[in-house]
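Here's target-v2.cif, which has mmCIF, C-alpha atoms:
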data_my_file
#
loop_
_atom_site.group_PDB
_atom_site.id
_atom_site.type_symbol
_atom_site.label_atom_id
_atom_site.label_comp_id
_atom_site.auth_asym_id
_atom_site.auth_seq_id
_atom_site.Cartn_x
_atom_site.Cartn_y
_atom_site.Cartn_z
ATOM 1 C CA MET Y 4 124.969 105.962 90.270
ATOM 2 C CA ALA Y 5 122.313 103.758 91.801
ATOM 3 C CA THR Y 6 123.017 102.634 95.347
ATOM 4 C CA GLN Y 7 121.339 99.650 96.978
ATOM 5 C CA GLN Y 8 118.982 100.838 99.680
ATOM 6 C CA ASN Y 9 118.722 99.264 103.098
ATOM 7 C CA VAL Y 10 116.276 96.332 103.089
ATOM 8 C CA ASN Y 11 115.784 96.791 106.808
ATOM 9 C CA GLN Y 12 114.343 100.199 105.927
ATOM 10 C CA TYR Y 13 112.042 98.529 103.392
ATOM 11 C CA ALA Y 14 110.725 96.220 106.107
ATOM 12 C CA LYS Y 15 110.042 99.027 108.549
ATOM 13 C CA ALA Y 16 108.354 101.092 105.849
ATOM 14 C CA ILE Y 17 106.124 98.199 104.706
ATOM 15 C CA GLN Y 18 105.063 97.526 108.289
ATOM 16 C CA ALA Y 19 104.320 101.209 108.921
ATOM 17 C CA GLN Y 20 102.482 101.749 105.636
ATOM 18 C CA LEU Y 21 100.268 98.655 105.979
ATOM 19 C CA ALA Y 22 99.491 99.388 109.614
ATOM 20 C CA GLY Y 23 98.484 102.907 108.627
ATOM 21 C CA ILE Y 24 96.179 101.727 105.836
ATOM 22 C CA ILE Y 25 94.153 99.116 107.705
ATOM 23 C CA THR Y 26 94.233 100.305 111.312
ATOM 24 C CA PRO Y 27 92.892 98.975 113.702
ATOM 25 C CA VAL Y 28 93.469 95.566 112.030
ATOM 26 C CA PRO Y 29 96.887 94.383 113.283
ATOM 27 C CA VAL Y 30 99.794 93.815 110.893
ATOM 28 C CA TYR Y 31 102.638 91.338 111.404
ATOM 29 C CA ALA Y 32 105.766 90.547 109.435
ATOM 30 C CA ASN Y 33 105.103 86.802 109.626
ATOM 31 C CA PHE Y 34 102.367 84.395 110.533
ATOM 32 C CA ASN Y 35 102.138 83.725 114.269
ATOM 33 C CA ARG Y 36 99.907 82.439 117.040
ATOM 34 C CA ASN Y 37 97.560 85.420 116.898
ATOM 35 C CA PHE Y 38 95.153 83.519 114.651
ATOM 36 C CA ALA Y 39 93.818 81.861 117.790
ATOM 37 C CA THR Y 40 92.712 85.099 119.418
ATOM 38 C CA GLN Y 41 92.274 87.665 116.630
ATOM 39 C CA ASN Y 42 89.425 87.712 114.124
ATOM 40 C CA ASP Y 43 91.244 89.827 111.553
ATOM 41 C CA PHE Y 44 94.921 90.360 110.885
ATOM 42 C CA VAL Y 45 97.378 90.798 108.034
ATOM 43 C CA THR Y 46 100.875 89.410 107.549
ATOM 44 C CA TRP Y 47 103.456 90.328 104.945
ATOM 45 C CA GLN Y 48 106.719 88.938 103.595
ATOM 46 C CA LEU Y 49 109.321 90.659 101.446
ATOM 47 C CA ARG Y 50 110.926 89.027 98.415
ATOM 48 C CA ASN Y 51 112.564 89.752 95.035
ATOM 49 C CA VAL Y 52 114.652 92.717 96.158
ATOM 50 C CA HIS Y 53 116.641 93.250 93.013
ATOM 51 C CA GLN Y 54 118.225 95.996 90.963
ATOM 52 C CA PRO Y 55 119.317 94.923 87.473
ATOM 53 C CA VAL Y 56 123.105 95.114 87.167
ATOM 54 C CA TYR Y 57 124.726 96.656 84.132
ATOM 55 C CA THR Y 58 128.083 96.372 82.422
ATOM 56 C CA GLY Y 59 131.531 96.850 83.930
ATOM 57 C CA ASN Y 60 133.115 96.249 87.313
ATOM 58 C CA VAL Y 61 131.828 99.394 89.042
ATOM 59 C CA GLN Y 62 129.249 98.372 91.638
ATOM 60 C CA SER Y 63 127.009 101.406 91.357
ATOM 61 C CA VAL Y 64 126.079 100.853 87.706
ATOM 62 C CA LYS Y 65 122.603 99.446 88.311
ATOM 63 C CA GLY Y 66 118.962 100.108 87.593
ATOM 64 C CA ILE Y 67 116.166 100.814 90.054
ATOM 65 C CA ASP Y 68 115.019 98.502 92.802
ATOM 66 C CA THR Y 69 111.664 96.754 92.385
ATOM 67 C CA PRO Y 70 111.058 94.701 95.549
ATOM 68 C CA THR Y 71 107.812 92.800 96.033
ATOM 69 C CA PHE Y 72 106.045 92.061 99.283
ATOM 70 C CA GLN Y 73 103.220 89.599 99.621
ATOM 71 C CA MET Y 74 100.329 90.436 101.911
ATOM 72 C CA SER Y 75 98.206 87.701 103.463
ATOM 73 C CA VAL Y 76 94.858 88.909 104.756
ATOM 74 C CA PHE Y 77 93.267 86.600 107.343
ATOM 75 C CA SER Y 78 89.768 86.835 108.761
ATOM 76 C CA THR Y 79 87.176 84.670 110.443
ATOM 77 C CA THR Y 80 84.562 85.966 107.988
ATOM 78 C CA MET Y 81 84.891 86.004 104.242
ATOM 79 C CA GLU Y 82 83.391 89.477 103.991
ATOM 80 C CA ASN Y 83 85.866 91.019 106.402
ATOM 81 C CA SER Y 84 88.810 89.546 104.533
ATOM 82 C CA PHE Y 85 87.468 90.987 101.281
ATOM 83 C CA LEU Y 86 86.824 94.367 102.887
ATOM 84 C CA THR Y 87 90.352 94.531 104.322
ATOM 85 C CA ALA Y 88 91.836 93.457 100.996
ATOM 86 C CA ASN Y 89 89.773 96.101 99.242
ATOM 87 C CA THR Y 90 91.011 98.789 101.635
ATOM 88 C CA ILE Y 91 94.605 97.837 100.837
ATOM 89 C CA LEU Y 92 93.913 97.718 97.108
ATOM 90 C CA GLN Y 93 92.218 101.136 97.077
ATOM 91 C CA SER Y 94 95.028 102.724 99.043
ATOM 92 C CA LEU Y 95 98.139 101.105 97.565
ATOM 93 C CA HIS Y 96 97.489 100.275 93.914
ATOM 94 C CA GLY Y 97 99.013 103.017 91.785
ATOM 95 C CA TYR Y 98 100.140 104.947 94.856
ATOM 96 C CA SER Y 99 103.052 107.297 94.323
ATOM 97 C CA GLY Y 100 104.819 109.336 96.969
ATOM 98 C CA LEU Y 101 106.084 108.840 100.512
ATOM 99 C CA PHE Y 102 105.865 105.149 101.441
ATOM 100 C CA GLY Y 103 106.201 104.094 105.067
ATOM 101 C CA GLY Y 104 105.233 107.227 106.961
ATOM 102 C CA ALA Y 105 107.292 110.100 108.299
ATOM 103 C CA THR Y 106 109.710 108.015 110.403
ATOM 104 C CA TYR Y 107 110.743 105.218 108.044
ATOM 105 C CA GLY Y 108 109.321 106.386 104.729
ATOM 106 C CA PHE Y 109 110.997 106.907 101.382
ATOM 107 C CA GLN Y 110 109.748 108.079 98.007
ATOM 108 C CA ILE Y 111 108.376 105.492 95.624
ATOM 109 C CA SER Y 112 107.497 106.147 92.001
ATOM 110 C CA LYS Y 113 104.648 103.647 92.034
ATOM 111 C CA ALA Y 114 103.158 100.742 93.960
ATOM 112 C CA ASP Y 115 101.652 97.983 91.847
ATOM 113 C CA VAL Y 116 99.263 95.615 93.610
ATOM 114 C CA VAL Y 117 98.191 92.257 92.223
ATOM 115 C CA TRP Y 118 95.267 90.569 93.984
ATOM 116 C CA LEU Y 119 96.327 86.912 93.664
ATOM 117 C CA TYR Y 120 93.593 84.660 95.082
ATOM 118 C CA ASN Y 121 91.400 84.006 98.068
ATOM 119 C CA GLY Y 122 90.829 80.788 99.991
ATOM 120 C CA TYR Y 123 89.961 79.104 103.242
ATOM 121 C CA ASP Y 124 92.195 77.185 105.602
ATOM 122 C CA ASN Y 125 90.282 74.481 107.434
ATOM 123 C CA GLU Y 126 92.981 73.889 110.054
ATOM 124 C CA ILE Y 127 93.036 77.417 111.415
ATOM 125 C CA ASN Y 128 89.431 78.235 110.426
ATOM 126 C CA LEU Y 129 90.397 81.464 108.678
ATOM 127 C CA PHE Y 130 89.528 82.911 105.293
ATOM 128 C CA ASN Y 131 92.586 84.245 103.502
ATOM 129 C CA ILE Y 132 93.430 86.530 100.598
ATOM 130 C CA PHE Y 133 96.880 86.831 99.097
ATOM 131 C CA MET Y 134 98.120 89.959 97.338
ATOM 132 C CA ASP Y 135 101.458 90.997 95.835
ATOM 133 C CA CYS Y 136 102.691 94.571 95.866
ATOM 134 C CA THR Y 137 105.698 95.639 93.800
ATOM 135 C CA LEU Y 138 107.404 98.917 94.681
ATOM 136 C CA TYR Y 139 109.292 100.983 92.101
ATOM 137 C CA ILE Y 140 111.948 102.828 94.066
ATOM 138 C CA PRO Y 141 114.033 105.482 92.282
ATOM 139 C CA THR Y 142 117.665 105.375 93.384
ATOM 140 C CA MET I 27 149.468 91.274 83.282
ATOM 141 C CA ALA I 28 149.512 93.276 80.038
ATOM 142 C CA LEU I 29 146.651 92.279 77.769
ATOM 143 C CA PRO I 30 143.999 90.157 79.450
ATOM 144 C CA ASN I 31 144.849 86.669 78.208
ATOM 145 C CA LYS I 32 141.421 85.152 78.705
ATOM 146 C CA VAL I 33 138.110 85.033 76.941
ATOM 147 C CA LEU I 34 136.251 87.894 78.610
ATOM 148 C CA PRO I 35 132.552 88.043 79.368
ATOM 149 C CA GLY I 36 130.735 90.783 77.435
ATOM 150 C CA PHE I 37 129.933 92.125 80.857
ATOM 151 C CA SER I 38 133.508 93.211 81.532
ATOM 152 C CA ALA I 39 133.583 96.419 79.486
ATOM 153 C CA THR I 40 133.043 99.875 80.982
ATOM 154 C CA LEU I 41 132.663 103.239 79.224
ATOM 155 C CA TYR I 42 134.443 106.382 80.413
ATOM 156 C CA CYS I 43 134.475 109.927 79.049
ATOM 157 C CA GLN I 44 136.830 112.835 79.362
ATOM 158 C CA PRO I 45 135.548 115.350 81.962
ATOM 159 C CA THR I 46 134.519 119.032 81.624
ATOM 160 C CA ALA I 47 132.268 120.750 79.102
ATOM 161 C CA THR I 48 135.171 121.879 76.887
ATOM 162 C CA PRO I 49 137.653 118.997 76.822
ATOM 163 C CA THR I 50 140.867 118.813 74.861
ATOM 164 C CA PRO I 51 140.770 115.416 73.172
ATOM 165 C CA LEU I 52 143.909 113.293 73.042
ATOM 166 C CA THR I 53 146.033 113.366 69.927
ATOM 167 C CA THR I 54 145.666 110.402 67.600
ATOM 168 C CA ALA I 55 149.081 109.129 68.677
ATOM 169 C CA ASN I 56 148.229 109.360 72.376
ATOM 170 C CA LEU I 57 145.003 107.386 71.882
ATOM 171 C CA SER I 58 147.283 104.331 71.614
ATOM 172 C CA VAL I 59 149.410 105.236 74.666
ATOM 173 C CA TYR I 60 148.235 103.559 77.866
ATOM 174 C CA ALA I 61 149.703 106.249 80.130
ATOM 175 C CA SER I 62 147.750 108.936 78.243
ATOM 176 C CA VAL I 63 144.467 107.031 78.192
ATOM 177 C CA SER I 64 144.432 105.559 81.705
ATOM 178 C CA PRO I 65 143.870 108.896 83.564
ATOM 179 C CA ILE I 66 140.423 108.984 81.886
ATOM 180 C CA VAL I 67 139.606 105.521 83.249
ATOM 181 C CA ILE I 68 138.522 106.584 86.748
ATOM 182 C CA THR I 69 135.207 106.181 88.547
ATOM 183 C CA GLY I 70 134.414 109.891 88.309
ATOM 184 C CA ASN I 71 134.410 109.673 84.510
ATOM 185 C CA LEU I 72 132.209 106.605 84.315
ATOM 186 C CA ILE I 73 129.090 106.650 82.167
ATOM 187 C CA PRO I 74 126.447 104.369 83.733
ATOM 188 C CA VAL I 75 125.545 102.456 80.570
ATOM 189 C CA GLU I 76 123.547 99.230 80.439
ATOM 190 C CA ALA I 77 125.696 97.456 77.891
ATOM 191 C CA ILE I 78 128.491 98.443 75.542
ATOM 192 C CA PRO I 79 127.469 97.982 71.904
ATOM 193 C CA ALA I 80 129.799 96.687 69.210
ATOM 194 C CA PHE I 81 132.893 98.854 68.933
ATOM 195 C CA GLY I 82 135.922 98.860 66.700
ATOM 196 C CA GLN I 83 136.276 99.481 63.014
ATOM 197 C CA ASP I 84 133.659 99.501 60.278
ATOM 198 C CA ASP I 85 134.008 97.543 57.097
ATOM 199 C CA ALA I 86 134.852 99.554 53.989
ATOM 200 C CA VAL I 87 135.775 98.271 50.587
ATOM 201 C CA ALA I 88 136.150 99.628 47.092
ATOM 202 C CA ASN I 89 134.929 97.541 44.166
ATOM 203 C CA PHE I 90 136.753 97.758 40.887
ATOM 204 C CA ASN I 91 135.429 96.524 37.593
ATOM 205 C CA VAL I 92 137.843 96.710 34.742
ATOM 206 C CA ALA I 93 136.469 96.473 31.231
ATOM 207 C CA GLY I 94 137.811 93.376 29.520
ATOM 208 C CA SER I 95 138.905 91.768 32.789
ATOM 209 C CA ARG I 96 137.059 88.592 33.812
ATOM 210 C CA GLN I 97 136.888 89.302 37.556
ATOM 211 C CA SER I 98 136.276 92.438 39.558
ATOM 212 C CA ASP I 99 138.463 93.252 42.547
ATOM 213 C CA LYS I 100 137.690 94.291 46.117
ATOM 214 C CA ILE I 101 140.196 96.518 47.866
ATOM 215 C CA PRO I 102 139.707 97.312 51.592
ATOM 216 C CA THR I 103 139.925 101.024 52.215
ATOM 217 C CA GLN I 104 140.771 102.907 55.386
ATOM 218 C CA SER I 105 137.524 102.436 57.232
ATOM 219 C CA ALA I 106 136.064 104.605 59.971
ATOM 220 C CA PRO I 107 135.726 103.542 63.614
ATOM 221 C CA THR I 108 132.174 102.349 64.165
ATOM 222 C CA SER I 109 129.423 104.580 65.511
ATOM 223 C CA MET I 110 127.962 103.460 68.817
ATOM 224 C CA THR I 111 124.379 103.781 69.988
ATOM 225 C CA ILE I 112 124.438 103.408 73.750
ATOM 226 C CA THR I 113 121.689 103.045 76.362
ATOM 227 C CA ALA I 114 122.163 104.255 79.923
ATOM 228 C CA ALA I 115 119.896 104.306 82.976
ATOM 229 C CA TRP I 116 118.813 107.946 83.161
ATOM 230 C CA ASN I 117 119.655 109.964 86.233
ATOM 231 C CA PRO I 118 118.933 113.546 85.095
ATOM 232 C CA ALA I 119 121.622 114.925 87.418
ATOM 233 C CA ASP I 120 124.383 112.460 86.544
ATOM 234 C CA THR I 121 127.460 114.565 85.802
ATOM 235 C CA ASN I 122 128.665 112.538 82.840
ATOM 236 C CA LEU I 123 125.231 112.081 81.277
ATOM 237 C CA LEU I 124 124.903 115.875 81.467
ATOM 238 C CA LEU I 125 128.186 116.147 79.542
ATOM 239 C CA ILE I 126 126.772 113.788 76.900
ATOM 240 C CA ARG I 127 123.559 115.810 76.754
ATOM 241 C CA GLY I 128 125.595 118.996 76.369
ATOM 242 C CA ASP I 129 127.707 117.450 73.611
ATOM 243 C CA ALA I 130 124.578 116.418 71.738
ATOM 244 C CA TYR I 131 123.183 119.943 72.084
ATOM 245 C CA SER I 132 126.409 121.444 70.774
ATOM 246 C CA GLY I 133 127.165 118.873 68.105
ATOM 247 C CA THR I 134 130.727 120.121 67.716
ATOM 248 C CA VAL I 135 132.442 119.067 70.946
ATOM 249 C CA ASP I 136 135.256 116.581 70.363
ATOM 250 C CA ARG I 137 135.772 114.390 73.402
ATOM 251 C CA THR I 138 137.909 111.354 74.134
ATOM 252 C CA PHE I 139 135.960 108.258 75.179
ATOM 253 C CA VAL I 140 137.510 105.080 76.521
ATOM 254 C CA ILE I 141 136.094 101.567 76.654
ATOM 255 C CA SER I 142 138.048 99.615 79.224
ATOM 256 C CA ALA I 143 137.818 95.849 79.632
ATOM 257 C CA SER I 144 139.597 93.880 82.320
ATOM 258 C CA ASP I 145 139.967 90.334 83.609
ATOM 259 C CA GLY I 146 140.885 91.722 87.040
ATOM 260 C CA THR I 147 144.588 92.293 86.399
ATOM 261 C CA GLY I 148 145.116 92.867 82.699
ATOM 262 C CA ILE I 149 143.418 95.885 81.155
ATOM 263 C CA VAL I 150 142.745 96.646 77.505
ATOM 264 C CA ASN I 151 141.588 100.115 76.496
ATOM 265 C CA TYR I 152 139.939 101.220 73.279
ATOM 266 C CA ALA I 153 140.134 105.008 73.119
ATOM 267 C CA PHE I 154 138.581 107.227 70.476
ATOM 268 C CA ASN I 155 137.645 110.841 69.864
ATOM 269 C CA GLY I 156 134.023 111.375 69.035
ATOM 270 C CA ARG I 157 131.042 113.668 68.886
ATOM 271 C CA VAL I 158 127.591 112.927 70.248
ATOM 272 C CA GLY I 159 124.883 112.967 67.605
ATOM 273 C CA GLN I 160 121.766 111.881 69.475
ATOM 274 C CA PHE I 161 120.291 112.105 72.953
ATOM 275 C CA THR I 162 116.835 110.700 73.618
ATOM 276 C CA VAL I 163 115.085 109.620 76.803
ATOM 277 C CA ASP I 164 112.907 106.520 76.817
ATOM 278 C CA PRO I 165 110.399 106.710 79.687
ATOM 279 C CA ASN I 166 109.031 103.171 79.333
ATOM 280 C CA PRO I 167 106.795 102.729 82.403
ATOM 281 C CA THR I 168 107.840 99.126 83.145
ATOM 282 C CA ALA I 169 111.441 99.864 84.163
ATOM 283 C CA GLU I 170 113.808 102.726 84.882
ATOM 284 C CA ALA I 171 113.935 105.635 82.452
ATOM 285 C CA LYS I 172 116.718 105.207 79.925
ATOM 286 C CA CYS I 173 118.587 107.641 77.758
ATOM 287 C CA THR I 174 120.036 106.665 74.421
ATOM 288 C CA PHE I 175 122.879 108.504 72.767
ATOM 289 C CA THR I 176 125.007 107.911 69.705
ATOM 290 C CA ILE I 177 128.714 108.639 69.581
ATOM 291 C CA HIS I 178 130.235 109.117 66.148
ATOM 292 C CA PRO I 179 134.027 108.682 66.295
ATOM 293 C CA ARG I 180 136.110 111.064 64.209
ATOM 294 C CA GLY I 181 137.815 109.434 61.251
ATOM 295 C CA ASN I 182 140.968 107.487 62.128
ATOM 296 C CA GLN I 183 141.102 108.929 65.669
ATOM 297 C CA TYR I 184 141.182 105.778 67.757
ATOM 298 C CA GLY I 185 143.725 103.485 69.331
ATOM 299 C CA TRP I 186 144.251 100.383 71.433
ATOM 300 C CA SER I 187 146.473 100.161 74.484
ATOM 301 C CA ASN I 188 147.011 97.905 77.477
ATOM 302 C CA ASN I 189 148.633 98.033 80.871
ATOM 303 C CA ALA I 190 152.191 96.780 81.309
#
Would it be possible to restate this file's structure as structure tokens?
Amino acid sequence: MATQQNVNQYAKAIQAQLAGIITPVPVYANFNRNFATQNDFVTWQLRNVHQPVYTGNVQSVKGIDTPTFQMSVFSTTMENSFLTANTILQSLHGYSGLFGGATYGFQISKADVVWLYNGYDNEINLFNIFMDCTLYIPT
Amino acid sequence: MALPNKVLPGFSATLYCQPTATPTPLTTANLSVYASVSPIVITGNLIPVEAIPAFGQDDAVANFNVAGSRQSDKIPTQSAPTSMTITAAWNPADTNLLLIRGDAYSGTVDRTFVISASDGTGIVNYAFNGRVGQFTVDPNPTAEAKCTFTIHPRGNQYGWSNNA
């Protein structure tokens, strides 16, 4: 019997976990005006929340949830963006255990981080690095 | 109502098992009686399987070759209900998967299983008595752990029924 967990809880846990990893670099759920005043910050967005559904008309017959959140690391210097991305990679990739801290956390079997690509945005004058993290959540 | 009078998606079938570690399986006659089978078809008896494999009756035929006759002959014989190898997402504490695991360990427990398919109003049930002959766990790291078990129906002990 696999129940769907609360995605609001996922969001709170992602925010708490990321903030804990890269403190004092600020973490936001979406891009905002802070690029004008902050040299380093990270944003994240959640997607692909999905448990495979299995046969029959009973709702609870499902597999585990494997949501993915994308992290966007912004920095005014290329080195700082790489250093922040590395901190996240070292901490999250392959991590197993309580995800999201004591208040919002839940157990995950594994976190799987994919470092996607880095770049530079001329309009906002920030270096960026994009990473995906898939969570395997036993239910 | 009665039999679902539609082409059903393969998705519509659900597997149920009789509860308790020492069940009394239905009689062969009752396996075809909807009122006897339907009490098994409740959420508490559900086995959380991924997909229901092919079920029904095996093919069985006897070949005869008579000396001096030009053609041989094929006579269908009373064939056995088909064995089913089933995959389920593995929750080690799931009550009904524990029953299956126990049946496999014993090897001699006869239990009534029901496959129920519905179009929303009509229900068709395929009920059979069987023993579990295999229980393995596949811990493939890319998805949830899965357990696979095989149910071997007892000869001739199956029946079809539908709601009225």
- prompt: So how far away is atom CA of Thr138 of chain I from atom CA of Val59 of chain I, in Å?
  reply: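 Distance reported for this atom pair: 13.0 Å.
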Using all atoms listed in the file and a cut-off of 8 Å, which residues of chain Y sit close to chain I? Please list them as a compact mmCIF listing (two decimals) with C-alpha atoms, in the coordinates of the input.
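The file below, part-v3.txt, is the result:
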# COMPACT_ATOMS: atom_id res chain seq x y z
CA MET Y 4 124.97 105.96 90.27
CA VAL Y 56 123.10 95.11 87.17
CA TYR Y 57 124.73 96.66 84.13
CA THR Y 58 128.08 96.37 82.42
CA GLY Y 59 131.53 96.85 83.93
CA ASN Y 60 133.12 96.25 87.31
CA VAL Y 61 131.83 99.39 89.04
CA VAL Y 64 126.08 100.85 87.71
CA LYS Y 65 122.60 99.45 88.31
CA GLY Y 66 118.96 100.11 87.59
CA ILE Y 67 116.17 100.81 90.05
CA PRO Y 141 114.03 105.48 92.28
message: Report, in Å with one decimal, the straight-line distance from atom CA of Val10 of chain Y to atom CA of Trp118 of chain Y.
response: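 Separation of atom CA of Val10 of chain Y and atom CA of Trp118 of chain Y: 23.6 Å.
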query: Of the candidates I:Gln44, I:Gln160, I:Asn151, I:Thr53, which shows the shortest atom-to-atom distance to Phe81 of chain I, using all atoms listed in the file?
result: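 Distance minimum relative to Phe81 of chain I lands on I:Asn151.
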query: Looking at Y:Phe130, Y:Phe109, Y:Leu95, Y:Phe77, which one is nearest to Asn35 of chain Y, with distances taken over only C-alpha atoms?
result: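 For Asn35 of chain Y, the nearest of the candidates is Y:Phe77.
For the structure in this document, the set picked by the PyMOL selection byres ((chain Y and resi 41) around 10) is Y:Val28, Y:Pro29, Y:Arg36, Y:Asn37, Y:Phe38, Y:Ala39, Y:Thr40, Y:Asn42, Y:Asp43, Y:Phe44, Y:Phe77, Y:Ser78, Y:Thr79.
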- request: Excluding Gln104 of chain I and residues on its chain fewer than 5 positions from it, collect all residues at most 9 Å away from it, counting only C-alpha atoms, and give them as an NGL selection string.
  value: :I and (85-87 or 182)
Could the residues in this selection be written to a file with C-alpha atoms, as an mmCIF file, in the coordinates of the input?
data_model
loop_
_atom_site.group_PDB
_atom_site.id
_atom_site.type_symbol
_atom_site.label_atom_id
_atom_site.label_comp_id
_atom_site.auth_asym_id
_atom_site.auth_seq_id
_atom_site.Cartn_x
_atom_site.Cartn_y
_atom_site.Cartn_z
ATOM 1 C CA ASP I 85 134.008 97.543 57.097
ATOM 2 C CA ALA I 86 134.852 99.554 53.989
ATOM 3 C CA VAL I 87 135.775 98.271 50.587
ATOM 4 C CA ASN I 182 140.968 107.487 62.128
#
- prompt: Hey, what comes out of the PyMOL selection byres ((chain Y and resi 21-26) around 9) on this file? Could you write it as a list in words?
  reply: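 What the PyMOL selection byres ((chain Y and resi 21-26) around 9) grabs from the file is Ala16, Ile17, Gln18, Ala19, Gln20, Pro27, Val28, Pro29, Val30, Tyr31, Val45, Trp47, Thr87, Thr90, Ile91, Ser94, Leu95, Gly103 and Gly104 of chain Y.
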message: Between atom CA of Ala61 of chain I and atom CA of Thr46 of chain I, what is the distance in Å, rounded to a tenth?
response: 19.9 Å
Protein and nucleic acid residues near (85.4, 82.7, 98.5) (cut-off 10 Å, all atoms listed in the file) as a list in words: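 I get Met81, Glu82, Ser84, Phe85, Tyr120, Asn121, Gly122, Tyr123, Phe130, Asn131 and Ile132 of chain Y for the residues within 10 Å of that point.
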- prompt: Given the file above and the PyMOL selection byres ((chain Y and resi 135) around 12), which residues are selected, and can you give them as a PyMOL selection string?
  reply: chain Y and resi 46-51+70-76+88+91-92+95-96+114-120+132-134+136-138
Since fewer atoms than expected are present, regenerate N, CA and C atoms for segment 135-147 of chain I and write them as a CSV table (one decimal), in the frame of the given file.
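Produced file selection_10.csv, reproduced below:
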chain,number,residue,atom,x,y,z
I,135,VAL,N,131.4,119.3,69.9
I,135,VAL,CA,132.4,119.1,70.9
I,135,VAL,C,133.1,117.7,70.7
I,136,ASP,N,134.5,117.8,70.5
I,136,ASP,CA,135.3,116.6,70.4
I,136,ASP,C,135.7,116.1,71.8
I,137,ARG,N,135.4,114.9,72.1
I,137,ARG,CA,135.8,114.4,73.4
I,137,ARG,C,136.4,113.0,73.3
I,138,THR,N,137.3,112.7,74.1
I,138,THR,CA,137.9,111.4,74.1
I,138,THR,C,137.1,110.4,75.0
I,139,PHE,N,136.7,109.3,74.4
I,139,PHE,CA,136.0,108.3,75.2
I,139,PHE,C,136.9,107.0,75.3
I,140,VAL,N,136.7,106.3,76.3
I,140,VAL,CA,137.5,105.1,76.5
I,140,VAL,C,136.6,103.9,76.9
I,141,ILE,N,136.7,102.8,76.2
I,141,ILE,CA,136.1,101.6,76.7
I,141,ILE,C,137.2,100.7,77.2
I,142,SER,N,137.0,100.4,78.5
I,142,SER,CA,138.0,99.6,79.2
I,142,SER,C,137.5,98.3,79.6
I,143,ALA,N,138.2,97.2,79.3
I,143,ALA,CA,137.8,95.8,79.6
I,143,ALA,C,138.9,95.2,80.4
I,144,SER,N,138.6,94.4,81.4
I,144,SER,CA,139.6,93.9,82.3
I,144,SER,C,139.2,92.5,82.8
I,145,ASP,N,140.2,91.6,83.0
I,145,ASP,CA,140.0,90.3,83.6
I,145,ASP,C,140.3,90.4,85.1
I,146,GLY,N,140.5,91.6,85.6
I,146,GLY,CA,140.9,91.7,87.0
I,146,GLY,C,142.3,92.2,87.2
I,147,THR,N,143.2,91.8,86.3
I,147,THR,CA,144.6,92.3,86.4
I,147,THR,C,145.0,93.0,85.1
